[in-house]
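Enquirer: So here's work_36.cif (mmCIF, C-alpha atoms and all ligand atoms).
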```cif
data_structure
#
loop_
_atom_site.label_atom_id
_atom_site.label_comp_id
_atom_site.auth_asym_id
_atom_site.auth_seq_id
_atom_site.Cartn_x
_atom_site.Cartn_y
_atom_site.Cartn_z
CA MET V 20 147.28 115.84 -100.28
CA LYS V 21 148.46 113.04 -102.57
CA LYS V 22 149.91 110.02 -100.79
CA ILE V 23 153.71 110.10 -100.84
CA PHE V 24 155.86 107.00 -100.39
CA ASN V 25 159.52 107.31 -99.48
CA PHE V 26 161.76 104.49 -100.72
CA SER V 27 164.98 106.07 -99.47
CA PRO V 28 167.78 103.56 -98.69
CA GLY V 29 168.93 105.42 -95.57
CA PRO V 30 168.41 107.55 -93.67
CA ALA V 31 165.04 106.08 -94.39
CA ILE V 32 161.34 106.21 -93.72
CA LEU V 33 160.20 106.25 -90.09
CA PRO V 34 156.77 105.18 -88.83
CA HIS V 35 154.35 108.07 -89.19
CA GLN V 36 152.89 107.46 -85.72
CA VAL V 37 156.36 107.73 -84.20
CA LEU V 38 156.99 111.07 -85.88
CA LEU V 39 153.63 112.37 -84.69
CA LYS V 40 154.43 111.33 -81.15
CA ALA V 41 157.87 112.97 -81.33
CA GLN V 42 156.31 116.11 -82.73
CA ASN V 43 153.84 116.15 -79.90
CA GLU V 44 156.53 115.66 -77.27
CA LEU V 45 159.12 117.93 -78.80
CA ILE V 46 158.80 120.84 -76.41
CA ASN V 47 157.31 118.96 -73.52
CA TRP V 48 158.74 115.52 -72.98
CA ASN V 49 157.73 113.43 -69.99
CA ASN V 50 155.81 116.41 -68.54
CA LEU V 51 159.08 118.20 -67.94
CA ASN V 52 158.20 121.20 -70.11
CA PHE V 53 161.36 120.89 -72.12
CA SER V 54 162.53 118.54 -74.82
CA VAL V 55 164.40 115.28 -74.50
CA MET V 56 167.34 116.98 -76.28
CA GLU V 57 167.83 119.44 -73.45
CA ILE V 58 168.44 117.14 -70.52
CA SER V 59 171.54 115.41 -69.22
CA HIS V 60 172.21 111.90 -70.43
CA ARG V 61 173.01 111.14 -66.79
CA SER V 62 169.63 112.31 -65.47
CA LYS V 63 167.33 109.58 -64.21
CA TYR V 64 164.80 110.46 -66.94
CA PHE V 65 167.24 109.74 -69.70
CA ILE V 66 168.75 106.69 -68.05
CA ASN V 67 165.23 105.26 -67.76
CA LEU V 68 164.66 105.90 -71.45
CA VAL V 69 167.84 104.05 -72.44
CA GLU V 70 167.12 101.17 -70.07
CA GLU V 71 163.66 100.78 -71.51
CA PHE V 72 165.00 100.94 -75.06
CA GLU V 73 167.57 98.27 -74.29
CA ASN V 74 165.00 96.12 -72.61
CA ASN V 75 162.63 96.37 -75.56
CA LEU V 76 165.44 95.48 -77.96
CA ARG V 77 166.21 92.45 -75.81
CA ILE V 78 162.58 91.33 -75.85
CA LEU V 79 162.02 91.97 -79.56
CA MET V 80 165.24 90.32 -80.72
CA ASN V 81 165.24 87.64 -78.04
CA ILE V 82 168.78 88.55 -76.95
CA PRO V 83 170.22 86.11 -74.41
CA ASN V 84 171.56 87.67 -71.21
CA THR V 85 175.04 86.46 -72.04
CA TYR V 86 175.11 89.32 -74.55
CA LYS V 87 175.51 93.04 -73.92
CA ILE V 88 173.93 95.79 -75.97
CA LEU V 89 176.28 98.73 -76.48
CA PHE V 90 175.60 102.07 -78.14
CA PHE V 91 178.14 103.99 -80.20
CA GLN V 92 178.32 107.01 -82.44
CA GLY V 93 180.11 107.04 -85.76
CA GLY V 94 177.88 104.70 -87.74
CA ALA V 95 178.56 101.19 -88.98
CA ARG V 96 181.77 102.32 -90.63
CA THR V 97 183.31 103.17 -87.27
CA GLN V 98 182.74 99.56 -86.25
CA PHE V 99 184.73 98.50 -89.33
CA SER V 100 187.75 99.82 -87.35
CA ALA V 101 186.54 99.10 -83.82
CA ILE V 102 186.07 95.38 -84.48
CA PRO V 103 189.63 94.49 -85.53
CA MET V 104 191.09 96.89 -82.97
CA ASN V 105 189.15 95.28 -80.13
CA LEU V 106 189.38 91.66 -81.20
CA LEU V 107 192.80 91.28 -82.79
CA ASN V 108 196.27 91.51 -81.38
CA TYR V 109 198.89 93.03 -83.69
CA ASN V 110 199.79 89.89 -85.58
CA GLN V 111 196.45 88.13 -85.62
CA LYS V 112 194.21 87.80 -88.62
CA ALA V 113 190.54 87.56 -89.54
CA ASP V 114 188.42 86.23 -92.39
CA TYR V 115 186.41 88.72 -94.44
CA VAL V 116 183.68 87.30 -96.63
CA ASN V 117 183.23 89.31 -99.81
CA ILE V 118 179.54 89.53 -100.62
CA GLY V 119 179.26 93.07 -101.92
CA TYR V 120 180.00 96.73 -101.35
CA TRP V 121 179.75 96.93 -97.55
CA SER V 122 181.52 93.62 -96.89
CA TYR V 123 184.31 94.88 -99.12
CA LYS V 124 184.51 98.27 -97.40
CA ALA V 125 184.75 96.57 -94.01
CA MET V 126 187.62 94.43 -95.30
CA GLU V 127 189.44 97.46 -96.72
CA GLU V 128 189.22 99.26 -93.40
CA ALA V 129 190.40 96.17 -91.52
CA LYS V 130 193.58 96.19 -93.64
CA LYS V 131 194.81 99.03 -91.46
CA TYR V 132 194.83 96.70 -88.46
CA CYS V 133 195.45 93.22 -89.81
CA LYS V 134 195.92 91.13 -92.91
CA PRO V 135 192.37 90.22 -93.74
CA ASN V 136 191.89 86.88 -95.39
CA ILE V 137 189.34 87.39 -98.16
CA ILE V 138 186.76 84.64 -98.59
CA HIS V 139 185.26 84.58 -102.06
CA VAL V 140 181.65 83.44 -102.11
CA ARG V 141 180.14 85.04 -105.19
CA LYS V 142 179.49 82.98 -108.29
CA ILE V 143 177.60 83.74 -111.46
CA ILE V 144 175.90 80.90 -113.30
CA ASN V 145 173.86 81.67 -116.44
CA ASN V 146 173.93 85.32 -115.57
CA ILE V 147 172.45 84.73 -112.10
CA LEU V 148 174.41 85.72 -109.00
CA TYR V 149 174.67 83.12 -106.22
CA ILE V 150 176.30 83.40 -102.81
CA LYS V 151 177.82 80.17 -101.53
CA PRO V 152 175.87 78.83 -98.55
CA ILE V 153 177.62 79.46 -95.23
CA ASN V 154 178.46 75.78 -94.69
CA GLU V 155 180.55 75.86 -97.89
CA TRP V 156 182.70 78.82 -96.87
CA VAL V 157 186.35 77.84 -96.61
CA LEU V 158 187.64 79.64 -93.54
CA ASP V 159 191.21 79.93 -92.27
CA ASN V 160 191.57 78.10 -88.99
CA LYS V 161 194.10 80.69 -87.81
CA SER V 162 191.65 83.54 -88.16
CA ILE V 163 190.16 84.87 -84.93
CA TYR V 164 186.81 85.82 -86.43
CA VAL V 165 184.84 85.82 -89.67
CA HIS V 166 183.15 89.02 -90.78
CA TYR V 167 180.32 89.41 -93.27
CA CYS V 168 177.39 91.64 -94.12
CA SER V 169 174.02 89.87 -94.07
CA ASN V 170 172.27 92.32 -96.37
CA GLU V 171 174.15 94.28 -98.98
CA THR V 172 172.00 97.39 -98.96
CA ILE V 173 173.39 98.70 -102.25
CA GLU V 174 173.24 95.59 -104.45
CA GLY V 175 170.21 93.98 -102.81
CA ILE V 176 172.10 90.75 -102.08
CA ALA V 177 171.42 88.91 -98.83
CA ILE V 178 172.42 85.91 -96.81
CA ASN V 179 169.10 84.92 -95.40
CA GLU V 180 170.29 82.02 -93.21
CA ASP V 181 171.78 82.35 -89.73
CA PRO V 182 175.41 81.20 -89.62
CA ASN V 183 176.15 77.91 -87.99
CA LEU V 184 179.91 78.08 -87.62
CA LYS V 185 181.78 76.44 -84.80
CA ASN V 186 185.39 77.27 -83.87
CA THR V 187 185.20 80.88 -84.92
CA ILE V 188 183.58 84.11 -83.87
CA VAL V 189 180.95 85.38 -86.28
CA VAL V 190 180.87 89.16 -86.66
CA ALA V 191 178.06 90.50 -88.82
CA ASP V 192 176.99 93.87 -90.16
CA LEU V 193 173.20 93.88 -89.82
CA SER V 194 172.68 97.57 -90.57
CA SER V 195 169.86 96.88 -93.01
CA THR V 196 168.68 93.58 -91.48
CA ILE V 197 168.19 94.43 -87.81
CA LEU V 198 164.55 94.14 -86.67
CA THR V 199 163.32 93.05 -90.11
CA LYS V 200 163.18 89.31 -89.34
CA LYS V 201 164.08 86.72 -86.74
CA ILE V 202 167.80 86.39 -85.98
CA ASN V 203 169.25 83.66 -83.84
CA ILE V 204 171.60 85.79 -81.76
CA ALA V 205 173.38 82.80 -80.19
CA ASN V 206 174.92 82.00 -83.59
CA TYR V 207 176.84 85.26 -83.60
CA GLY V 208 179.67 86.74 -81.55
CA ILE V 209 179.02 90.35 -82.52
CA ILE V 210 176.16 91.95 -84.41
CA TYR V 211 176.32 95.62 -85.26
CA ALA V 212 174.01 98.01 -87.05
CA SER V 213 173.74 101.71 -87.59
CA THR V 214 170.19 102.82 -86.92
CA GLN V 215 169.33 104.94 -89.96
CA LYS V 216 168.09 102.07 -92.14
CA ASN V 217 165.50 100.46 -90.00
CA VAL V 218 165.61 101.60 -86.36
CA GLY V 219 165.66 105.38 -86.21
CA PRO V 220 167.51 108.43 -87.45
CA SER V 221 171.27 108.43 -88.05
CA GLY V 222 173.83 109.01 -85.32
CA LEU V 223 173.49 105.81 -83.35
CA THR V 224 175.06 102.39 -83.77
CA ILE V 225 173.91 99.30 -81.90
CA VAL V 226 176.47 96.62 -81.02
CA ILE V 227 175.24 93.32 -79.60
CA ILE V 228 178.23 91.47 -78.23
CA ARG V 229 178.77 88.18 -76.40
CA ASP V 230 180.15 88.85 -72.91
CA ASP V 231 183.39 86.92 -73.40
CA LEU V 232 184.34 89.14 -76.36
CA ILE V 233 184.48 92.21 -74.16
CA ILE V 234 188.16 91.86 -73.47
CA LYS V 235 189.58 93.31 -70.31
CA ASN V 236 192.74 94.82 -71.69
CA SER V 237 191.86 95.43 -75.26
CA TYR V 238 194.77 94.53 -77.40
CA ARG V 239 195.90 97.76 -78.89
CA LYS V 240 197.15 100.58 -76.75
CA GLU V 241 196.16 103.10 -79.43
CA LEU V 242 192.51 101.93 -79.38
CA PRO V 243 190.47 105.11 -78.71
CA SER V 244 188.54 104.93 -75.42
CA VAL V 245 185.29 105.79 -77.19
CA LEU V 246 185.70 102.63 -79.32
CA ASN V 247 186.88 100.36 -76.52
CA TYR V 248 184.17 97.75 -75.92
CA LYS V 249 185.26 97.20 -72.33
CA ILE V 250 185.16 100.91 -71.46
CA ILE V 251 181.83 101.47 -73.20
CA SER V 252 180.36 98.40 -71.51
CA ASP V 253 181.65 99.38 -68.04
CA ASN V 254 180.05 102.78 -68.51
CA ASN V 255 176.70 101.49 -69.79
CA SER V 256 177.32 103.26 -73.11
CA MET V 257 177.52 106.59 -71.26
CA TYR V 258 181.30 107.01 -71.28
CA ASN V 259 180.79 110.17 -73.27
CA THR V 260 177.61 111.91 -74.33
CA PRO V 261 175.52 109.58 -76.49
CA PRO V 262 173.35 110.87 -79.37
CA THR V 263 170.37 111.48 -77.12
CA PHE V 264 167.80 112.41 -79.74
CA SER V 265 168.63 109.35 -81.87
CA LEU V 266 168.29 107.15 -78.82
CA TYR V 267 164.95 108.76 -78.02
CA LEU V 268 163.52 108.37 -81.52
CA SER V 269 164.85 104.82 -81.86
CA SER V 270 163.24 103.96 -78.54
CA LEU V 271 159.91 105.16 -79.92
CA VAL V 272 160.34 103.05 -83.07
CA VAL V 273 161.06 99.95 -81.02
CA LYS V 274 157.97 100.57 -78.88
CA TRP V 275 155.92 101.02 -82.05
CA LEU V 276 157.20 97.71 -83.40
CA LYS V 277 156.47 95.91 -80.14
CA LYS V 278 152.92 97.22 -80.15
CA LYS V 279 152.42 96.13 -83.76
CA GLY V 280 153.26 92.55 -82.91
CA GLY V 281 157.05 92.44 -82.90
CA ILE V 282 159.38 90.62 -85.26
CA LYS V 283 156.92 87.83 -85.93
CA TYR V 284 154.38 90.28 -87.29
CA ILE V 285 156.76 92.57 -89.17
CA SER V 286 158.73 89.76 -90.82
CA LYS V 287 155.49 88.42 -92.30
CA VAL V 288 154.63 91.85 -93.68
CA ASN V 289 158.18 92.25 -94.99
CA GLN V 290 158.02 88.85 -96.72
CA LYS V 291 154.75 89.76 -98.32
CA LYS V 292 156.00 93.13 -99.58
CA ALA V 293 159.20 91.63 -101.03
CA LYS V 294 157.38 88.72 -102.63
CA LEU V 295 154.90 91.01 -104.38
CA LEU V 296 157.65 93.21 -105.73
CA TYR V 297 159.90 90.37 -106.90
CA SER V 298 157.04 88.64 -108.64
CA THR V 299 156.19 91.88 -110.44
CA ILE V 300 159.80 92.02 -111.64
CA ASP V 301 159.97 88.33 -112.59
CA ASN V 302 156.67 88.46 -114.48
CA SER V 303 157.58 91.51 -116.48
CA LYS V 304 159.31 91.81 -119.82
CA ILE V 305 161.31 94.91 -118.97
CA TYR V 306 162.37 94.67 -115.32
CA ILE V 307 165.32 92.47 -114.43
CA ASN V 308 166.79 91.29 -111.16
CA ASN V 309 169.44 88.63 -111.63
CA ILE V 310 170.12 87.60 -108.07
CA SER V 311 169.30 84.01 -107.13
CA ILE V 312 166.00 83.73 -105.25
CA LYS V 313 167.78 82.52 -102.11
CA ASN V 314 170.06 85.54 -102.02
CA ARG V 315 167.55 88.26 -102.70
CA SER V 316 167.27 91.01 -100.15
CA LEU V 317 164.13 91.34 -98.08
CA THR V 318 164.47 95.10 -97.76
CA ASN V 319 166.38 96.47 -100.76
CA ILE V 320 164.87 95.37 -104.03
CA VAL V 321 167.05 96.31 -107.00
CA PHE V 322 166.28 96.00 -110.67
CA LYS V 323 167.29 97.30 -114.05
CA ILE V 324 165.11 98.14 -117.04
CA ASN V 325 166.17 96.41 -120.23
CA LYS V 326 165.49 99.34 -122.52
CA LYS V 327 168.00 102.04 -123.33
CA ASN V 328 167.90 105.39 -121.50
CA ILE V 329 164.61 104.71 -119.84
CA GLU V 330 165.56 104.54 -116.16
CA ASN V 331 165.59 108.31 -115.78
CA ILE V 332 162.11 108.53 -117.27
CA PHE V 333 160.99 105.82 -114.84
CA LEU V 334 162.37 107.82 -111.90
CA GLN V 335 160.84 111.09 -113.06
CA GLU V 336 157.41 109.59 -113.66
CA ALA V 337 157.55 107.70 -110.35
CA GLU V 338 158.20 110.91 -108.50
CA LYS V 339 155.22 112.53 -110.21
CA GLN V 340 153.14 109.69 -108.76
CA GLY V 341 154.52 110.36 -105.28
CA LEU V 342 157.07 107.52 -105.30
CA TYR V 343 160.35 109.01 -104.09
CA PHE V 344 164.04 108.02 -103.97
CA LEU V 345 163.94 104.96 -106.20
CA LYS V 346 167.28 105.68 -107.85
CA GLY V 347 169.83 102.90 -107.47
CA HIS V 348 173.17 103.62 -105.75
CA SER V 349 175.64 105.33 -108.08
CA VAL V 350 178.03 102.31 -107.98
CA ILE V 351 175.49 100.00 -109.64
CA GLY V 352 172.85 102.30 -111.15
CA GLY V 353 169.39 101.01 -111.97
CA ILE V 354 166.44 101.19 -109.60
CA ARG V 355 166.30 100.32 -105.91
CA ALA V 356 163.22 100.21 -103.74
CA SER V 357 164.08 100.16 -100.05
CA ILE V 358 161.10 98.78 -98.20
CA TYR V 359 162.09 98.70 -94.53
CA ASN V 360 159.71 98.04 -91.63
CA ALA V 361 158.08 101.47 -91.81
CA MET V 362 157.09 101.11 -95.48
CA PRO V 363 153.42 100.08 -95.50
CA LEU V 364 152.13 97.39 -97.84
CA GLU V 365 150.17 100.17 -99.49
CA GLY V 366 153.42 101.82 -100.62
CA VAL V 367 154.61 98.65 -102.30
CA GLN V 368 151.21 98.21 -103.96
CA ALA V 369 151.40 101.78 -105.29
CA LEU V 370 154.87 101.08 -106.70
CA ILE V 371 153.68 97.87 -108.36
CA LYS V 372 150.75 99.63 -109.94
CA PHE V 373 153.08 102.28 -111.29
CA MET V 374 155.54 99.65 -112.61
CA ASN V 375 152.78 97.79 -114.43
CA ASN V 376 151.46 100.97 -116.03
CA PHE V 377 154.95 102.06 -116.97
CA GLU V 378 155.63 98.74 -118.65
CA LYS V 379 152.42 98.99 -120.69
CA LYS V 380 153.23 102.52 -121.73
CA TYR V 381 156.77 101.80 -122.89
CA THR V 382 156.48 98.43 -124.62
C1 LIG C 1 174.48 102.02 -94.62
C2 LIG C 1 175.33 100.88 -94.32
C3 LIG C 1 176.62 101.03 -93.79
C4 LIG C 1 177.24 102.37 -93.52
O1 LIG C 1 176.70 102.90 -92.38
P1 LIG C 1 177.18 104.28 -91.75
O2 LIG C 1 176.31 104.39 -90.56
O3 LIG C 1 176.97 105.34 -92.78
O4 LIG C 1 178.62 104.14 -91.40
C5 LIG C 1 177.35 99.88 -93.53
N1 LIG C 1 176.83 98.67 -93.75
C6 LIG C 1 175.61 98.50 -94.26
C7 LIG C 1 175.08 97.12 -94.49
C8 LIG C 1 174.81 99.59 -94.55
O5 LIG C 1 173.58 99.41 -95.06
#
```
Represent the structure of the file as structure tokens.
Ligand SMILES: *Cc1c(COP(=O)(O)O)cnc(C)c1O
Expert:
Amino acid sequence: MKKIFNFSPGPAILPHQVLLKAQNELINWNNLNFSVMEISHRSKYFINLVEEFENNLRILMNIPNTYKILFFQGGARTQFSAIPMNLLNYNQKADYVNIGYWSYKAMEEAKKYCKPNIIHVRKIINNILYIKPINEWVLDNKSIYVHYCSNETIEGIAINEDPNLKNTIVVADLSSTILTKKINIANYGIIYASTQKNVGPSGLTIVIIRDDLIIKNSYRKELPSVLNYKIISDNNSMYNTPPTFSLYLSSLVVKWLKKKGGIKYISKVNQKKAKLLYSTIDNSKIYINNISIKNRSLTNIVFKINKKNIENIFLQEAEKQGLYFLKGHSVIGGIRASIYNAMPLEGVQALIKFMNNFEKKYT
């Protein structure tokens, strides 16, 4: 069989070894003779699984014990509502940094609960997009928190520095950043991520929250219990039935990553993959990425082809070579290669080889 590489932006590629293990365990997990999907989330077997998962996340991400890890359903978008509902009283406000699509969507959702103060940080100089460094953001001192997205999965724009902001609470959407590189957790109040980009299948959302932000009487009486950080925390994320299979598969991915050498190892591989791909783009005459080097995404590499009506041919020929799901998001078009942790270096090398041949053929 020809080697296939899956560049899907999410749900995305999972480590092959993890899928093999899951396949192997599907009808007989933990020597129980049934699957992990068929047991109670309150059984000791499942509670052990979740505890181990949490523990491994703590070790991998170096999460201080002044932070709790909570699990939710509903994806990252549900946190767009949960965050203002949990953190803001009726007349309080928050800063929303506009970096790209997902930052903007979070701000739009927050409008239902507060008057978000939009922070503009994008600037284009000589056709290159720059994001203002965090220490130049002009925040409102009356805002309770500042929200941003560290990696704009659709546009391939990233803020690669950790925030260093005093006097505010930093809330960050790390859906496509989590576990790809080192994060200094102590610089954040809340980090959240849905799992389907880089941790596991869809259905699970991880929220890493500083203890003091779990507020005893959350502000809004209409806040649904399933989104109430205090209730979810008091119930160890088992207030209602969690997505057990997603938790199981994510726990396998985290174990896989730990065995490989953790964040230190994977971030080196990720750097290498991204660097190879960006230099292919920058050294070519037909591929263009006009995001400043500092703000380029580690995991979602976007580019356009500067010839008319050729992107569809590129996508069709790529697929014939076993390179799948390279189509850019419909809001920006072009090409996007998502190269999360599970994408091997080999996949990126195959894509580069294809890109070089394609360029020769069409110029
Ligand atoms: C995919 C994505 C989302 C949306 O996640 P859902 O789980 O579909 O709600 C939000 N933010 C970022 C950065 C994403 O990549």
Enquirer: Counting only C-alpha atoms and all ligand atoms, which residue out of V:Gly341, V:Gly208, V:Pro135, V:Pro30 sits closest to ligand LIG 1 (chain C)?
Expert: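 That would be V:Pro30, the residue with the smallest distance to ligand LIG 1 (chain C).
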Enquirer: Neighbouring residues of range 138-154 of chain V were defined as those with any atom within 6 Å, considering all atoms listed in the file; residues of the same chain fewer than 6 positions away were excluded. Please report them as number ranges by chain.
Expert: V: 115-117, 309-311
Enquirer: Find the spatial neighbours of range 292-295 of chain V, counting only C-alpha atoms, within a cut-off of 12 Å - ignore same-chain residues fewer than 4 positions away - and output them as a ChimeraX atom specification.
Expert: /V:175,199,285-288,299-302,312,315-321,356-372,374
Enquirer: Closest to ligand LIG 1 (chain C) among V:Pro83, V:Pro28, V:Gly94, V:Pro34, using all atoms listed in the file?
Expert: V:Gly94
Enquirer: To check your reading of the model: which residues sit at most 9 Å from ligand LIG 1 (chain C) when counting only C-alpha atoms and all ligand atoms? Write the answer as a ChimeraX atom specification.
Expert: /V:28-30,92-99,120-122,124-125,168-173,192-196,212-216,221-224
Enquirer: Nearest residue to Arg229 in chain V out of V:Tyr297, V:Gln340, V:Val189, V:Asp181, using all atoms listed in the file?
Expert: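 Ranked by minimum distance to Arg229 in chain V, first place goes to V:Val189.
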Enquirer: Which residues of range 23-81 of chain V have any atom within 10 Å of an atom in range 272-284 of chain V when counting only C-alpha atoms, and what is the closest pair of atoms for each, with the distance in Å to one decimal? Order the rows by chain and rising number and write it as JSON lines.
Expert:
```
{"residue": "V:Leu33", "atom": "CA", "partner": "V:Val272", "partner_atom": "CA", "distance": 7.7}
{"residue": "V:Pro34", "atom": "CA", "partner": "V:Val272", "partner_atom": "CA", "distance": 7.1}
{"residue": "V:His35", "atom": "CA", "partner": "V:Val272", "partner_atom": "CA", "distance": 9.9}
{"residue": "V:Gln36", "atom": "CA", "partner": "V:Trp275", "partner_atom": "CA", "distance": 8.0}
{"residue": "V:Val37", "atom": "CA", "partner": "V:Val272", "partner_atom": "CA", "distance": 6.2}
{"residue": "V:Leu38", "atom": "CA", "partner": "V:Val272", "partner_atom": "CA", "distance": 9.1}
{"residue": "V:Glu71", "atom": "CA", "partner": "V:Lys274", "partner_atom": "CA", "distance": 9.3}
{"residue": "V:Phe72", "atom": "CA", "partner": "V:Val273", "partner_atom": "CA", "distance": 7.2}
{"residue": "V:Glu73", "atom": "CA", "partner": "V:Val273", "partner_atom": "CA", "distance": 9.5}
{"residue": "V:Asn75", "atom": "CA", "partner": "V:Val273", "partner_atom": "CA", "distance": 6.7}
{"residue": "V:Leu76", "atom": "CA", "partner": "V:Val273", "partner_atom": "CA", "distance": 7.0}
{"residue": "V:Ile78", "atom": "CA", "partner": "V:Lys277", "partner_atom": "CA", "distance": 8.8}
{"residue": "V:Leu79", "atom": "CA", "partner": "V:Gly281", "partner_atom": "CA", "distance": 6.0}
{"residue": "V:Met80", "atom": "CA", "partner": "V:Ile282", "partner_atom": "CA", "distance": 7.4}
{"residue": "V:Asn81", "atom": "CA", "partner": "V:Ile282", "partner_atom": "CA", "distance": 9.8}
```
Enquirer: Up to 9 Å from (181.6, 86.3, -86.0) in the file's coordinates: name the residues, counting only C-alpha atoms, as a list in words.
Expert: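 The distance filter leaves exactly Ile163, Tyr164, Val165, His166, Tyr167, Pro182, Leu184, Thr187, Ile188, Val189, Val190, Ala191, Asn206, Tyr207, Gly208, Ile209 and Ile210 of chain V.
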Enquirer: What are the centre and the three edge lengths of an axis-aligned box that wraps all atoms of range 46-58 of chain V in the file, given that 4 Å is added to every side, written as JSON and rounded to one decimal in Å?
Expert:
```
{"center_x": 162.1, "center_y": 117.3, "center_z": -72.2, "size_x": 20.6, "size_y": 15.8, "size_z": 16.5}
```
Enquirer: Have a look at V:Lys339, V:Lys323, V:Lys249, V:Lys313 and name the one nearest to Lys87 in chain V; count only C-alpha atoms.
Expert: V:Lys249
